[in-house]
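File shown: run_17.pdb. Contents: PDB, C-alpha atoms, pLDDT in the B column.
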ATOM      1  CA  MET U   1     160.825 123.906  59.185  1.00 75.00           C
ATOM      2  CA  ARG U   2     163.688 125.555  61.054  1.00 86.00           C
ATOM      3  CA  TRP U   3     163.859 125.820  64.827  1.00 92.00           C
ATOM      4  CA  ARG U   4     163.891 129.381  66.140  1.00 89.00           C
ATOM      5  CA  THR U   5     166.833 128.687  68.452  1.00 91.00           C
ATOM      6  CA  VAL U   6     169.024 125.703  69.345  1.00 94.00           C
ATOM      7  CA  SER U   7     170.923 125.772  72.627  1.00 97.00           C
ATOM      8  CA  ALA U   8     172.918 123.446  74.854  1.00 98.00           C
ATOM      9  CA  PHE U   9     171.878 122.975  78.478  1.00 98.00           C
ATOM     10  CA  LYS U  10     174.359 121.432  80.910  1.00 98.00           C
ATOM     11  CA  HIS U  11     173.448 119.781  84.183  1.00 98.00           C
ATOM     12  CA  ALA U  12     175.463 117.439  86.424  1.00 96.00           C
ATOM     13  CA  GLY U  13     178.133 117.029  83.758  1.00 96.00           C
ATOM     14  CA  ARG U  14     175.640 116.083  81.033  1.00 98.00           C
ATOM     15  CA  THR U  15     174.543 118.110  78.028  1.00 98.00           C
ATOM     16  CA  MET U  16     171.039 118.262  76.564  1.00 98.00           C
ATOM     17  CA  LEU U  17     170.122 120.158  73.407  1.00 98.00           C
ATOM     18  CA  VAL U  18     166.957 122.266  73.382  1.00 98.00           C
ATOM     19  CA  LYS U  19     165.306 123.425  70.163  1.00 98.00           C
ATOM     20  CA  ARG U  20     162.814 126.267  70.455  1.00 97.00           C
ATOM     21  CA  LEU U  21     159.854 127.234  68.318  1.00 97.00           C
ATOM     22  CA  GLY U  22     156.901 129.563  68.786  1.00 95.00           C
ATOM     23  CA  ALA U  23     156.494 132.618  70.963  1.00 86.00           C
ATOM     24  CA  ASP U  24     157.597 132.981  74.571  1.00 82.00           C
ATOM     25  CA  GLU U  25     154.033 133.681  75.685  1.00 83.00           C
ATOM     26  CA  GLY U  26     151.235 131.210  76.231  1.00 88.00           C
ATOM     27  CA  PRO U  27     151.663 127.643  77.513  1.00 96.00           C
ATOM     28  CA  HIS U  28     155.099 126.033  77.458  1.00 97.00           C
ATOM     29  CA  PHE U  29     155.229 122.612  75.794  1.00 98.00           C
ATOM     30  CA  VAL U  30     158.310 120.490  76.586  1.00 98.00           C
ATOM     31  CA  LEU U  31     158.674 117.624  74.096  1.00 98.00           C
ATOM     32  CA  VAL U  32     160.705 114.593  75.187  1.00 98.00           C
ATOM     33  CA  HIS U  33     161.589 111.885  72.661  1.00 98.00           C
ATOM     34  CA  GLY U  34     162.058 108.125  72.970  1.00 98.00           C
ATOM     35  CA  ILE U  35     165.069 105.824  73.013  1.00 98.00           C
ATOM     36  CA  GLY U  36     167.556 106.175  70.175  1.00 97.00           C
ATOM     37  CA  VAL U  37     165.741 109.009  68.426  1.00 98.00           C
ATOM     38  CA  ALA U  38     165.793 112.786  68.932  1.00 97.00           C
ATOM     39  CA  SER U  39     163.772 115.873  68.072  1.00 97.00           C
ATOM     40  CA  ALA U  40     163.231 115.309  64.325  1.00 96.00           C
ATOM     41  CA  TYR U  41     160.060 113.249  64.621  1.00 97.00           C
ATOM     42  CA  TYR U  42     158.504 116.000  66.753  1.00 98.00           C
ATOM     43  CA  ARG U  43     158.824 118.654  64.031  1.00 97.00           C
ATOM     44  CA  ARG U  44     155.269 118.350  62.725  1.00 97.00           C
ATOM     45  CA  LEU U  45     153.732 118.489  66.193  1.00 98.00           C
ATOM     46  CA  ALA U  46     156.066 121.341  67.186  1.00 98.00           C
ATOM     47  CA  ARG U  47     154.965 123.323  64.143  1.00 97.00           C
ATOM     48  CA  ALA U  48     151.304 122.676  65.034  1.00 97.00           C
ATOM     49  CA  LEU U  49     151.856 123.732  68.662  1.00 97.00           C
ATOM     50  CA  ALA U  50     153.951 126.825  67.892  1.00 97.00           C
ATOM     51  CA  PRO U  51     151.011 129.206  67.160  1.00 95.00           C
ATOM     52  CA  HIS U  52     149.595 128.419  70.611  1.00 96.00           C
ATOM     53  CA  GLY U  53     152.633 128.746  72.874  1.00 96.00           C
ATOM     54  CA  ALA U  54     156.336 128.121  73.378  1.00 97.00           C
ATOM     55  CA  VAL U  55     157.725 124.775  72.214  1.00 98.00           C
ATOM     56  CA  HIS U  56     160.867 123.266  73.749  1.00 98.00           C
ATOM     57  CA  ALA U  57     161.939 120.071  71.940  1.00 98.00           C
ATOM     58  CA  VAL U  58     164.824 118.431  73.779  1.00 98.00           C
ATOM     59  CA  GLU U  59     167.513 116.038  72.646  1.00 98.00           C
ATOM     60  CA  LEU U  60     168.439 114.027  75.724  1.00 98.00           C
ATOM     61  CA  PRO U  61     172.115 113.486  76.574  1.00 98.00           C
ATOM     62  CA  GLY U  62     173.621 110.946  74.166  1.00 98.00           C
ATOM     63  CA  HIS U  63     170.765 111.219  71.689  1.00 98.00           C
ATOM     64  CA  GLY U  64     170.776 112.955  68.324  1.00 95.00           C
ATOM     65  CA  GLY U  65     173.272 115.797  68.386  1.00 96.00           C
ATOM     66  CA  ALA U  66     173.705 115.864  72.179  1.00 98.00           C
ATOM     67  CA  PRO U  67     177.114 114.693  73.459  1.00 97.00           C
ATOM     68  CA  LYS U  68     177.276 111.225  74.968  1.00 97.00           C
ATOM     69  CA  PRO U  69     177.877 111.121  78.732  1.00 97.00           C
ATOM     70  CA  ALA U  70     180.741 109.101  80.152  1.00 95.00           C
ATOM     71  CA  GLU U  71     178.329 106.607  81.728  1.00 96.00           C
ATOM     72  CA  PRO U  72     174.854 105.282  80.846  1.00 97.00           C
ATOM     73  CA  MET U  73     171.961 107.203  82.359  1.00 98.00           C
ATOM     74  CA  SER U  74     168.861 106.038  84.208  1.00 98.00           C
ATOM     75  CA  ILE U  75     165.336 107.290  83.583  1.00 98.00           C
ATOM     76  CA  GLU U  76     165.686 109.217  86.832  1.00 98.00           C
ATOM     77  CA  ASP U  77     168.855 110.849  85.475  1.00 98.00           C
ATOM     78  CA  TYR U  78     167.143 111.922  82.258  1.00 98.00           C
ATOM     79  CA  ALA U  79     164.193 113.281  84.227  1.00 98.00           C
ATOM     80  CA  GLY U  80     166.578 115.245  86.421  1.00 98.00           C
ATOM     81  CA  VAL U  81     168.127 116.985  83.411  1.00 98.00           C
ATOM     82  CA  VAL U  82     164.723 117.891  81.938  1.00 98.00           C
ATOM     83  CA  SER U  83     163.511 119.197  85.309  1.00 98.00           C
ATOM     84  CA  ALA U  84     166.685 121.226  85.819  1.00 98.00           C
ATOM     85  CA  TYR U  85     166.174 122.900  82.439  1.00 98.00           C
ATOM     86  CA  VAL U  86     162.576 123.850  83.253  1.00 98.00           C
ATOM     87  CA  ILE U  87     163.626 125.255  86.637  1.00 98.00           C
ATOM     88  CA  GLN U  88     166.609 127.164  85.192  1.00 98.00           C
ATOM     89  CA  GLN U  89     164.417 128.693  82.467  1.00 97.00           C
ATOM     90  CA  GLY U  90     161.709 129.621  84.945  1.00 96.00           C
ATOM     91  CA  LEU U  91     158.968 127.957  82.904  1.00 96.00           C
ATOM     92  CA  VAL U  92     155.654 128.303  84.698  1.00 95.00           C
ATOM     93  CA  ASP U  93     153.246 125.350  84.672  1.00 96.00           C
ATOM     94  CA  PRO U  94     154.721 123.685  81.552  1.00 98.00           C
ATOM     95  CA  ILE U  95     153.079 120.751  79.834  1.00 98.00           C
ATOM     96  CA  LEU U  96     155.395 117.752  79.547  1.00 98.00           C
ATOM     97  CA  VAL U  97     154.902 115.702  76.372  1.00 98.00           C
ATOM     98  CA  GLY U  98     156.710 112.364  76.169  1.00 98.00           C
ATOM     99  CA  GLN U  99     156.711 109.665  73.510  1.00 98.00           C
ATOM    100  CA  SER U 100     157.807 106.034  73.981  1.00 98.00           C
ATOM    101  CA  MET U 101     160.716 106.085  76.497  1.00 98.00           C
ATOM    102  CA  GLY U 102     160.050 109.805  76.794  1.00 98.00           C
ATOM    103  CA  THR U 103     156.810 108.923  78.606  1.00 98.00           C
ATOM    104  CA  GLN U 104     158.904 107.339  81.350  1.00 98.00           C
ATOM    105  CA  VAL U 105     161.089 110.445  81.546  1.00 98.00           C
ATOM    106  CA  VAL U 106     158.185 112.886  81.865  1.00 98.00           C
ATOM    107  CA  THR U 107     156.386 110.614  84.343  1.00 98.00           C
ATOM    108  CA  GLU U 108     159.475 110.480  86.526  1.00 98.00           C
ATOM    109  CA  ALA U 109     159.960 114.250  86.267  1.00 98.00           C
ATOM    110  CA  ALA U 110     156.370 114.762  87.420  1.00 98.00           C
ATOM    111  CA  LEU U 111     156.999 112.436  90.358  1.00 98.00           C
ATOM    112  CA  GLN U 112     160.204 114.261  91.303  1.00 97.00           C
ATOM    113  CA  HIS U 113     158.513 117.697  91.093  1.00 98.00           C
ATOM    114  CA  PRO U 114     154.741 117.292  91.491  1.00 98.00           C
ATOM    115  CA  ASN U 115     154.241 120.997  92.195  1.00 97.00           C
ATOM    116  CA  LEU U 116     156.115 121.992  89.048  1.00 97.00           C
ATOM    117  CA  PHE U 117     154.565 119.573  86.560  1.00 98.00           C
ATOM    118  CA  ARG U 118     150.776 119.448  86.833  1.00 98.00           C
ATOM    119  CA  ARG U 119     149.998 118.329  83.259  1.00 98.00           C
ATOM    120  CA  VAL U 120     151.565 115.430  81.367  1.00 98.00           C
ATOM    121  CA  VAL U 121     151.002 113.867  77.936  1.00 98.00           C
ATOM    122  CA  LEU U 122     152.011 110.234  77.328  1.00 98.00           C
ATOM    123  CA  ILE U 123     152.167 109.189  73.651  1.00 98.00           C
ATOM    124  CA  GLY U 124     152.817 105.533  72.849  1.00 98.00           C
ATOM    125  CA  ALA U 125     153.839 104.797  76.425  1.00 98.00           C
ATOM    126  CA  VAL U 126     156.223 101.982  77.352  1.00 98.00           C
ATOM    127  CA  VAL U 127     156.978  99.440  78.682  1.00 97.00           C
ATOM    128  CA  ASN U 128     154.051  97.034  78.623  1.00 96.00           C
ATOM    129  CA  PRO U 129     154.802  94.852  81.684  1.00 96.00           C
ATOM    130  CA  ARG U 130     153.782  91.768  79.711  1.00 95.00           C
ATOM    131  CA  GLU U 131     156.514  92.473  77.155  1.00 96.00           C
ATOM    132  CA  ARG U 132     159.382  93.678  79.307  1.00 96.00           C
ATOM    133  CA  SER U 133     162.273  92.238  77.298  1.00 96.00           C
ATOM    134  CA  ALA U 134     164.636  93.418  74.568  1.00 96.00           C
ATOM    135  CA  LEU U 135     163.354  90.669  72.273  1.00 96.00           C
ATOM    136  CA  HIS U 136     159.726  91.682  72.674  1.00 95.00           C
ATOM    137  CA  GLN U 137     160.495  95.364  72.159  1.00 96.00           C
ATOM    138  CA  GLY U 138     162.670  94.682  69.127  1.00 95.00           C
ATOM    139  CA  LEU U 139     160.021  92.552  67.460  1.00 95.00           C
ATOM    140  CA  ARG U 140     157.304  95.120  68.171  1.00 96.00           C
ATOM    141  CA  LEU U 141     159.467  97.907  66.747  1.00 95.00           C
ATOM    142  CA  LEU U 142     160.089  95.894  63.593  1.00 95.00           C
ATOM    143  CA  GLN U 143     156.374  95.185  63.283  1.00 94.00           C
ATOM    144  CA  ASP U 144     155.567  98.877  63.627  1.00 94.00           C
ATOM    145  CA  CYS U 145     158.136  99.944  61.019  1.00 95.00           C
ATOM    146  CA  MET U 146     157.113  97.303  58.502  1.00 94.00           C
ATOM    147  CA  PHE U 147     153.332  97.577  58.691  1.00 94.00           C
ATOM    148  CA  PHE U 148     152.129 100.714  60.476  1.00 93.00           C
ATOM    149  CA  GLU U 149     154.457 103.609  59.632  1.00 94.00           C
ATOM    150  CA  THR U 150     154.980 105.517  56.405  1.00 94.00           C
ATOM    151  CA  PRO U 151     158.315 105.479  54.534  1.00 95.00           C
ATOM    152  CA  THR U 152     158.767 109.135  55.509  1.00 95.00           C
ATOM    153  CA  SER U 153     158.329 108.529  59.232  1.00 95.00           C
ATOM    154  CA  ASN U 154     160.635 105.502  59.070  1.00 96.00           C
ATOM    155  CA  TRP U 155     163.289 107.624  57.365  1.00 97.00           C
ATOM    156  CA  VAL U 156     163.056 110.375  59.993  1.00 96.00           C
ATOM    157  CA  VAL U 157     163.402 107.844  62.810  1.00 96.00           C
ATOM    158  CA  LEU U 158     166.219 105.932  61.084  1.00 95.00           C
ATOM    159  CA  ARG U 159     168.307 109.083  60.628  1.00 96.00           C
ATOM    160  CA  ASP U 160     168.142 109.798  64.348  1.00 96.00           C
ATOM    161  CA  TYR U 161     168.940 106.182  65.206  1.00 96.00           C
ATOM    162  CA  VAL U 162     172.087 106.510  63.094  1.00 95.00           C
ATOM    163  CA  ARG U 163     173.059 109.769  64.816  1.00 95.00           C
ATOM    164  CA  THR U 164     172.539 108.285  68.266  1.00 96.00           C
ATOM    165  CA  GLY U 165     174.320 105.052  67.398  1.00 96.00           C
ATOM    166  CA  VAL U 166     173.922 101.421  68.368  1.00 95.00           C
ATOM    167  CA  ARG U 167     176.198 101.659  71.399  1.00 96.00           C
ATOM    168  CA  TRP U 168     174.236 104.388  73.173  1.00 97.00           C
ATOM    169  CA  TYR U 169     170.937 102.740  72.252  1.00 96.00           C
ATOM    170  CA  ALA U 170     172.177  99.496  73.805  1.00 97.00           C
ATOM    171  CA  ALA U 171     173.497 101.350  76.849  1.00 97.00           C
ATOM    172  CA  THR U 172     170.115 103.040  77.393  1.00 98.00           C
ATOM    173  CA  LEU U 173     167.889 100.002  76.783  1.00 98.00           C
ATOM    174  CA  PRO U 174     168.363  98.462  80.285  1.00 98.00           C
ATOM    175  CA  ALA U 175     167.173 101.718  81.856  1.00 98.00           C
ATOM    176  CA  MET U 176     164.010 101.726  79.746  1.00 98.00           C
ATOM    177  CA  LEU U 177     163.266  98.061  80.404  1.00 98.00           C
ATOM    178  CA  GLY U 178     164.090  98.368  84.101  1.00 98.00           C
ATOM    179  CA  TYR U 179     161.797 101.309  84.775  1.00 98.00           C
ATOM    180  CA  HIS U 180     158.422  99.973  85.955  1.00 98.00           C
ATOM    181  CA  THR U 181     156.069 102.504  84.432  1.00 98.00           C
ATOM    182  CA  GLU U 182     153.023 100.796  85.897  1.00 98.00           C
ATOM    183  CA  ASP U 183     154.315 101.372  89.441  1.00 98.00           C
ATOM    184  CA  ALA U 184     155.224 104.992  88.732  1.00 98.00           C
ATOM    185  CA  LEU U 185     151.797 105.785  87.289  1.00 98.00           C
ATOM    186  CA  ARG U 186     150.068 104.783  90.511  1.00 97.00           C
ATOM    187  CA  ARG U 187     151.851 107.686  92.234  1.00 97.00           C
ATOM    188  CA  LEU U 188     151.285 110.242  89.462  1.00 98.00           C
ATOM    189  CA  THR U 189     149.189 113.204  90.594  1.00 97.00           C
ATOM    190  CA  ALA U 190     149.443 115.236  87.374  1.00 98.00           C
ATOM    191  CA  GLU U 191     146.476 115.589  85.069  1.00 98.00           C
ATOM    192  CA  THR U 192     147.434 113.128  82.358  1.00 98.00           C
ATOM    193  CA  LEU U 193     146.542 112.649  78.718  1.00 98.00           C
ATOM    194  CA  VAL U 194     147.273 109.157  77.362  1.00 98.00           C
ATOM    195  CA  ILE U 195     147.470 109.000  73.552  1.00 98.00           C
ATOM    196  CA  ARG U 196     147.898 105.938  71.381  1.00 98.00           C
ATOM    197  CA  GLY U 197     147.890 105.255  67.651  1.00 98.00           C
ATOM    198  CA  GLY U 198     145.165 102.692  67.009  1.00 98.00           C
ATOM    199  CA  ARG U 199     147.610 100.279  65.309  1.00 98.00           C
ATOM    200  CA  ASP U 200     150.582 100.804  67.620  1.00 98.00           C
ATOM    201  CA  PRO U 201     152.026  97.322  68.354  1.00 98.00           C
ATOM    202  CA  ILE U 202     154.523  98.649  70.924  1.00 98.00           C
ATOM    203  CA  SER U 203     152.013 100.450  73.134  1.00 98.00           C
ATOM    204  CA  ARG U 204     149.031  98.152  72.855  1.00 98.00           C
ATOM    205  CA  HIS U 205     145.373  98.939  73.568  1.00 98.00           C
ATOM    206  CA  ASP U 206     145.060  96.809  76.711  1.00 98.00           C
ATOM    207  CA  TRP U 207     148.223  98.347  78.181  1.00 98.00           C
ATOM    208  CA  ASN U 208     146.861 101.858  77.591  1.00 98.00           C
ATOM    209  CA  LEU U 209     143.588 100.950  79.269  1.00 98.00           C
ATOM    210  CA  GLN U 210     145.595  99.662  82.222  1.00 98.00           C
ATOM    211  CA  MET U 211     147.458 102.969  82.383  1.00 98.00           C
ATOM    212  CA  ARG U 212     144.219 104.929  82.352  1.00 97.00           C
ATOM    213  CA  ARG U 213     143.009 102.903  85.325  1.00 97.00           C
ATOM    214  CA  LEU U 214     146.278 103.348  87.221  1.00 97.00           C
ATOM    215  CA  ILE U 215     146.528 107.137  86.862  1.00 97.00           C
ATOM    216  CA  PRO U 216     144.216 109.028  89.246  1.00 95.00           C
ATOM    217  CA  LEU U 217     143.529 111.855  86.739  1.00 96.00           C
ATOM    218  CA  ALA U 218     143.713 110.442  83.230  1.00 97.00           C
ATOM    219  CA  ARG U 219     142.021 110.732  79.851  1.00 97.00           C
ATOM    220  CA  PHE U 220     142.665 108.247  77.044  1.00 98.00           C
ATOM    221  CA  VAL U 221     142.617 109.172  73.346  1.00 98.00           C
ATOM    222  CA  GLU U 222     143.140 106.604  70.594  1.00 98.00           C
ATOM    223  CA  ILE U 223     143.813 107.828  67.052  1.00 98.00           C
ATOM    224  CA  PRO U 224     142.616 105.300  64.449  1.00 98.00           C
ATOM    225  CA  ARG U 225     144.854 103.664  61.847  1.00 97.00           C
ATOM    226  CA  LYS U 226     148.119 105.134  63.152  1.00 98.00           C
ATOM    227  CA  GLY U 227     151.242 103.517  64.544  1.00 98.00           C
ATOM    228  CA  HIS U 228     153.766 104.262  67.275  1.00 98.00           C
ATOM    229  CA  VAL U 229     154.917 107.699  66.042  1.00 98.00           C
ATOM    230  CA  VAL U 230     151.381 109.022  65.802  1.00 98.00           C
ATOM    231  CA  MET U 231     152.444 112.605  66.553  1.00 98.00           C
ATOM    232  CA  TYR U 232     154.383 112.549  63.256  1.00 98.00           C
ATOM    233  CA  SER U 233     151.805 110.756  61.138  1.00 97.00           C
ATOM    234  CA  ALA U 234     148.775 112.619  62.586  1.00 98.00           C
ATOM    235  CA  PRO U 235     149.990 115.820  64.274  1.00 98.00           C
ATOM    236  CA  GLU U 236     146.646 117.646  64.080  1.00 97.00           C
ATOM    237  CA  ALA U 237     144.817 114.739  65.716  1.00 98.00           C
ATOM    238  CA  VAL U 238     147.370 114.768  68.542  1.00 98.00           C
ATOM    239  CA  LEU U 239     147.278 118.565  68.752  1.00 98.00           C
ATOM    240  CA  ALA U 240     143.573 118.869  69.598  1.00 97.00           C
ATOM    241  CA  PRO U 241     143.553 116.971  72.930  1.00 98.00           C
ATOM    242  CA  ILE U 242     146.859 118.575  73.959  1.00 98.00           C
ATOM    243  CA  LEU U 243     145.381 122.041  73.451  1.00 98.00           C
ATOM    244  CA  GLU U 244     142.355 120.973  75.479  1.00 97.00           C
ATOM    245  CA  LEU U 245     144.671 119.848  78.282  1.00 97.00           C
ATOM    246  CA  ALA U 246     146.391 123.238  78.025  1.00 96.00           C
ATOM    247  CA  GLY U 247     143.048 124.971  78.579  1.00 93.00           C
ATOM    248  CA  LEU U 248     142.818 126.282  75.043  1.00 87.00           C
ATOM    249  CA  ALA U 249     139.341 125.829  73.598  1.00 59.00           C
ATOM    250  CA  ALA U 250     139.010 125.375  69.865  1.00 50.00           C
ATOM    251  CA  THR U 251     137.888 128.985  69.459  1.00 44.00           C
ATOM    252  CA  ASP U 252     140.852 130.244  71.478  1.00 47.00           C
ATOM    253  CA  ALA U 253     143.270 128.131  69.445  1.00 44.00           C
ATOM    254  CA  ALA U 254     141.831 129.371  66.154  1.00 42.00           C
ATOM    255  CA  ALA U 255     142.179 132.973  67.274  1.00 39.00           C
ATOM    256  CA  ARG U 256     145.905 132.710  67.919  1.00 41.00           C
TER     257      ARG U 256
END
Will you turn the file into structure tokens for me?
Amino acid sequence: MRWRTVSAFKHAGRTMLVKRLGADEGPHFVLVHGIGVASAYYRRLARALAPHGAVHAVELPGHGGAPKPAEPMSIEDYAGVVSAYVIQQGLVDPILVGQSMGTQVVTEAALQHPNLFRRVVLIGAVVNPRERSALHQGLRLLQDCMFFETPTSNWVVLRDYVRTGVRWYAATLPAMLGYHTEDALRRLTAETLVIRGGRDPISRHDWNLQMRRLIPLARFVEIPRKGHVVMYSAPEAVLAPILELAGLAATDAAAR
């Protein structure tokens, strides 16, 4: 699959890449990746979403092909860049989709601009407050790669890790660990879809249930037998509840 367009967006001295797919009409889906990775593992979901609206898959500053900023960024900084892009493009009522650390970024963006972001999707959300350490997260990531992901998904993720590099990963990790997602979710007013792969060791079942309780307007979907990058391993299963959140019934989606 080839992206329709790839562009660079600059804000506050930082550069984010945006890869576009689909038409310019219909809902806008803004896909935000996790720590160390980039847009590649969103390709299958982007392709599934493209017939139903406009897809914007970002590569956050320092990640993938996006230039590395002079200084490490906070979750608030990343959210500010994503929000600035949406505002500059004039996207109306977009749906923010975040995975792993990307769930923190989209949550923070929705907190910064509650009138702009009314619908949010959290896939494999982090960080479980019971496992808020680099050691815990590293062990859970290893467990996921070894037992719950396919060789193909591991290869896609590994390639982006290599592009991002160990230094920027290490520079970003304190921001991810230091952002208290559980506190942010209590203040989230957006209609929220929480998605988890049923075997995801990083975003565990009890943590997702806690999130559902914390968010005023939340629905929880668990996809059986899948790991942390469930939107790559089961894009159609992830697609269905996202389209429902977007207000597209199954009959409407099939007609597009």
Requested in this report: Evaluate the PyMOL selection byres ((chain U and resi 156-158) around 9) and record the selected residues as an MDAnalysis selection string, following the chain and residue labels used in the document.
Outcome: chainID U and resid 36:38 40:41 151:155 159:163
Report summary line: re atom CA of U:Ala66 and atom CA of U:Gln137: distance 24.4 Å
Report task. Let me know the residues the PyMOL selection byres ((chain U and resi 245) around 12) catches in the file above, as a ChimeraX atom specification. Result -> /U:27,29,94-97,118-121,190-194,217-221,238-244,246-250
Dump of C-alpha atoms for the selected residues, as a short mmCIF file (atom, residue, chain, number, x, y, z; two decimals), in the coordinates of the input:
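That gives us selection-v4.cif:
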data_model
loop_
_atom_site.label_atom_id
_atom_site.label_comp_id
_atom_site.auth_asym_id
_atom_site.auth_seq_id
_atom_site.Cartn_x
_atom_site.Cartn_y
_atom_site.Cartn_z
CA PRO U 27 151.66 127.64 77.51
CA PHE U 29 155.23 122.61 75.79
CA PRO U 94 154.72 123.68 81.55
CA ILE U 95 153.08 120.75 79.83
CA LEU U 96 155.40 117.75 79.55
CA VAL U 97 154.90 115.70 76.37
CA ARG U 118 150.78 119.45 86.83
CA ARG U 119 150.00 118.33 83.26
CA VAL U 120 151.56 115.43 81.37
CA VAL U 121 151.00 113.87 77.94
CA ALA U 190 149.44 115.24 87.37
CA GLU U 191 146.48 115.59 85.07
CA THR U 192 147.43 113.13 82.36
CA LEU U 193 146.54 112.65 78.72
CA VAL U 194 147.27 109.16 77.36
CA LEU U 217 143.53 111.86 86.74
CA ALA U 218 143.71 110.44 83.23
CA ARG U 219 142.02 110.73 79.85
CA PHE U 220 142.66 108.25 77.04
CA VAL U 221 142.62 109.17 73.35
CA VAL U 238 147.37 114.77 68.54
CA LEU U 239 147.28 118.56 68.75
CA ALA U 240 143.57 118.87 69.60
CA PRO U 241 143.55 116.97 72.93
CA ILE U 242 146.86 118.58 73.96
CA LEU U 243 145.38 122.04 73.45
CA GLU U 244 142.35 120.97 75.48
CA ALA U 246 146.39 123.24 78.03
CA GLY U 247 143.05 124.97 78.58
CA LEU U 248 142.82 126.28 75.04
CA ALA U 249 139.34 125.83 73.60
CA ALA U 250 139.01 125.38 69.86
#
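The gap separating atom CA of U:Thr172 from atom CA of U:Leu116 is 26.3 Å, in Å to one decimal.
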Query raised in the report: Can you list what the PyMOL selection byres ((chain U and resi 148) around 8) grabs from this structure, as a list in words?
Result: Gln143, Asp144, Cys145, Met146, Phe147, Glu149, Thr150, Arg199, Asp200, Arg225, Lys226, Gly227 and His228 of chain U
Requested in this report: Could you check which of U:Arg212, U:Lys19, U:Arg14, U:His33 is closest to U:Val105, using only C-alpha atoms?
Outcome: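 Checking each candidate against U:Val105, we get U:His33 as the closest.
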Could you write out as JSON the box around stretch 174-189 of chain U (axis-aligned, all atoms listed in the file, 5 Å on each side), with centre and edge lengths in Å to one decimal?
{"center_x": 158.8, "center_y": 105.6, "center_z": 86.0, "size_x": 29.2, "size_y": 25.1, "size_z": 22.5}
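The closest residue to U:Asp77, picked from U:Arg4, U:Arg213, U:His11, U:Arg204 and counting only C-alpha atoms, is U:His11.
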Report task. Could you please determine the separation between atom CA of U:Val166 and atom CA of U:Gln104 in Å, to one decimal place? Result ->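 It comes out at 20.7 Å.
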**Report entry** Residue among U:Ile223, U:Ala171, U:Val30, U:Leu91 lying closest to U:Gly198, counting all atoms listed in the file
**Finding:** U:Ile223
Query - Shell of 8 Å around U:Ile35, all atoms listed in the file, local chain residues under 2 positions omitted, as JSON, numbers by chain - result: {"U": [33, 37, 63, 100, 101, 102, 169, 172, 173, 176]}
Query raised in the report: If we count all atoms listed in the file, what is near U:Leu45 at a cut-off of 7 Å, once residues fewer than 4 positions away on the same chain are taken out, given as a list of chain:residue names?
Result: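 Neighbouring residues, sequence-local ones excluded: U:Leu49, U:Met231, U:Tyr232, U:Pro235, U:Leu239.
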Query raised in the report: Which polymer residues have any atom within 7 Å of an atom of U:Leu188, counting all atoms listed in the file, with same-chain residues fewer than 2 positions away left out, as a VMD selection string?
Result: chain U and resid 111 184 to 186 190 215
Filtering to C-alpha atoms, could you give me those residues as a PDB file, in the frame of the given file?
ATOM      1  CA  LEU U 111     156.999 112.436  90.358  1.00 98.00           C
ATOM      2  CA  ALA U 184     155.224 104.992  88.732  1.00 98.00           C
ATOM      3  CA  LEU U 185     151.797 105.785  87.289  1.00 98.00           C
ATOM      4  CA  ARG U 186     150.068 104.783  90.511  1.00 97.00           C
ATOM      5  CA  ALA U 190     149.443 115.236  87.374  1.00 98.00           C
ATOM      6  CA  ILE U 215     146.528 107.137  86.862  1.00 97.00           C
TER       7      ILE U 215
END
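Closest approach to U:Tyr78 among U:Glu108, U:Glu182, U:Glu131, U:Glu236 is made by U:Glu108 (distances from all atoms listed in the file).
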Report task. Identify, on the basis of all atoms listed in the file, every residue whose closest approach to U:His180 does not exceed 10 Å; exclude the query and any residue fewer than 5 positions from it along the same chain; express the result as a list in words. Result -> Gln104, Val126, Val127, Asn128, Pro129, Arg132, Ala175 and Leu185 of chain U
Report task. Would you mind listing what lies within 8 Å of U:Gly80 as a ChimeraX atom specification, with all atoms listed in the file counted and same-chain residues fewer than 4 positions away left out? Result -> /U:76,84,109
Suppose we keep C-alpha atoms; can you now write the selection as a PDB file, in the frame of the given file?
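Contents of part.pdb, freshly written:
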ATOM      1  CA  GLU U  76     165.686 109.217  86.832  1.00 98.00           C
ATOM      2  CA  ALA U  84     166.685 121.226  85.819  1.00 98.00           C
ATOM      3  CA  ALA U 109     159.960 114.250  86.267  1.00 98.00           C
TER       4      ALA U 109
END
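Residue nearest U:Glu25 within the list U:Ala125, U:Met73, U:Val6, U:Val92: U:Val92 [criterion: smallest interatomic distance, only C-alpha atoms].
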